[in-house]
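Trainee: So here's protein_14.cif, just mmCIF, C-alpha atoms:
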```cif
data_run
loop_
_atom_site.group_PDB
_atom_site.id
_atom_site.type_symbol
_atom_site.label_atom_id
_atom_site.label_comp_id
_atom_site.auth_asym_id
_atom_site.auth_seq_id
_atom_site.Cartn_x
_atom_site.Cartn_y
_atom_site.Cartn_z
ATOM 1 C CA MET A 1 -38.155 62.407 -1.233
ATOM 2 C CA THR A 2 -35.855 59.389 -1.487
ATOM 3 C CA VAL A 3 -35.383 57.523 -4.775
ATOM 4 C CA LYS A 4 -33.922 54.062 -4.348
ATOM 5 C CA LYS A 5 -31.593 52.260 -6.729
ATOM 6 C CA SER A 6 -33.435 51.047 -9.842
ATOM 7 C CA GLN A 7 -36.317 53.463 -9.195
ATOM 8 C CA HIS A 8 -37.009 56.337 -11.557
ATOM 9 C CA LEU A 9 -37.812 59.981 -10.963
ATOM 10 C CA ARG A 10 -39.750 61.847 -13.621
ATOM 11 C CA VAL A 11 -39.651 65.634 -13.628
ATOM 12 C CA THR A 12 -42.206 67.309 -15.876
ATOM 13 C CA ASP A 13 -42.706 70.979 -16.642
ATOM 14 C CA LEU A 14 -46.427 71.147 -17.353
ATOM 15 C CA GLU A 15 -46.215 74.522 -19.079
ATOM 16 C CA GLY A 16 -43.096 73.742 -21.092
ATOM 17 C CA LYS A 17 -41.623 77.215 -20.609
ATOM 18 C CA GLN A 18 -39.136 76.881 -17.745
ATOM 19 C CA VAL A 19 -36.060 74.872 -16.887
ATOM 20 C CA VAL A 20 -36.664 72.851 -13.735
ATOM 21 C CA ASP A 21 -34.497 73.919 -10.790
ATOM 22 C CA MET A 22 -33.629 71.057 -8.461
ATOM 23 C CA ALA A 23 -30.804 69.735 -6.333
ATOM 24 C CA ILE A 24 -30.139 66.007 -6.002
ATOM 25 C CA PHE A 25 -27.911 64.646 -3.224
ATOM 26 C CA ASN A 26 -26.616 61.204 -2.254
ATOM 27 C CA ARG A 27 -28.366 60.233 0.978
ATOM 28 C CA GLU A 28 -25.314 58.248 2.161
ATOM 29 C CA ASN A 29 -22.854 61.038 1.299
ATOM 30 C CA PRO A 30 -24.507 64.489 1.215
ATOM 31 C CA ARG A 31 -21.289 66.007 -0.199
ATOM 32 C CA GLU A 32 -21.929 64.079 -3.431
ATOM 33 C CA LYS A 33 -24.579 65.664 -5.627
ATOM 34 C CA LEU A 34 -25.785 65.835 -9.199
ATOM 35 C CA SER A 35 -23.236 67.479 -11.485
ATOM 36 C CA THR A 36 -24.963 69.209 -14.358
ATOM 37 C CA SER A 37 -21.616 69.994 -16.013
ATOM 38 C CA TYR A 38 -20.439 66.347 -15.994
ATOM 39 C CA SER A 39 -23.874 65.198 -17.111
ATOM 40 C CA ARG A 40 -24.001 67.797 -19.889
ATOM 41 C CA THR A 41 -20.674 66.720 -21.372
ATOM 42 C CA ARG A 42 -21.675 63.086 -20.925
ATOM 43 C CA TYR A 43 -18.455 62.283 -19.044
ATOM 44 C CA VAL A 44 -18.047 58.581 -18.370
ATOM 45 C CA PRO A 45 -15.257 56.928 -16.346
ATOM 46 C CA SER A 46 -13.658 55.467 -19.491
ATOM 47 C CA ARG A 47 -12.880 59.083 -20.462
ATOM 48 C CA ARG A 48 -15.019 58.743 -23.542
ATOM 49 C CA ARG A 49 -17.075 61.834 -24.235
ATOM 50 C CA ILE A 50 -20.274 61.865 -26.196
ATOM 51 C CA ARG A 51 -21.556 64.944 -28.028
ATOM 52 C CA ALA A 52 -22.808 67.537 -25.549
ATOM 53 C CA ALA A 53 -26.519 68.238 -25.569
ATOM 54 C CA ARG A 54 -28.552 71.205 -24.417
ATOM 55 C CA CYS A 55 -30.794 69.154 -22.165
ATOM 56 C CA ALA A 56 -31.107 65.697 -20.664
ATOM 57 C CA ASP A 57 -33.294 63.246 -22.504
ATOM 58 C CA ARG A 58 -34.689 59.771 -21.918
ATOM 59 C CA GLY A 59 -31.866 57.257 -21.550
ATOM 60 C CA ASP A 60 -29.199 59.868 -20.780
ATOM 61 C CA THR A 61 -26.832 59.234 -17.882
ATOM 62 C CA LEU A 62 -26.687 61.754 -15.055
ATOM 63 C CA MET A 63 -23.315 62.034 -13.316
ATOM 64 C CA SER A 64 -22.405 63.055 -9.772
ATOM 65 C CA THR A 65 -19.686 65.424 -8.600
ATOM 66 C CA ILE A 66 -17.421 62.374 -8.149
ATOM 67 C CA CYS A 67 -18.191 61.062 -11.644
ATOM 68 C CA ARG A 68 -20.517 58.283 -10.563
ATOM 69 C CA ARG A 69 -23.651 57.417 -12.479
#
```
Output the file's structure as structure tokens, nothing else.
Mentor:
Amino acid sequence: MTVKKSQHLRVTDLEGKQVVDMAIFNRENPREKLSTSYSRTRYVPSRRRIRAARCADRGDTLMSTICRR
């Protein structure tokens, strides 16, 4: 599945009992992928860190392994 810029992907656990396992890669650069550790600490290029959360929520920013949003 390919998600284009400005499109959204919704992942829903219908049972609500399991963390969703998934891998997300950049189609143009397969070596760049979703970084759960950068996303979890809410790292942003300005070096400002926002309180870490246990899970992603609506409006949160997901970061790649090269710190891109």
Trainee: Please list as a ChimeraX atom specification every residue within 10 Å of Val20 in chain A, counting only C-alpha atoms and excluding residues in the same chain fewer than 5 positions away.
Mentor: /A:11-13
Trainee: Take the PyMOL selection byres ((chain A and resi 25-28) around 12), apply it to the structure above, and return the hits as a list in words.
Mentor: Met1, Thr2, Val3, Lys4, Lys5, Met22, Ala23, Ile24, Asn29, Pro30, Arg31, Glu32, Lys33, Leu34, Ser35, Met63, Ser64, Thr65, Ile66, Arg68 and Arg69 of chain A
Trainee: Could you check how far CA of Asp60 in chain A sits from CA of Ser6 in chain A, in Å to one decimal?
Mentor: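 Value for the CA of Asp60 in chain A-CA of Ser6 in chain A distance: 14.7 Å.
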Trainee: So how far away is CA of Cys67 in chain A from CA of Val19 in chain A, in Å?
Mentor: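 Those two atoms sit 23.2 Å apart.
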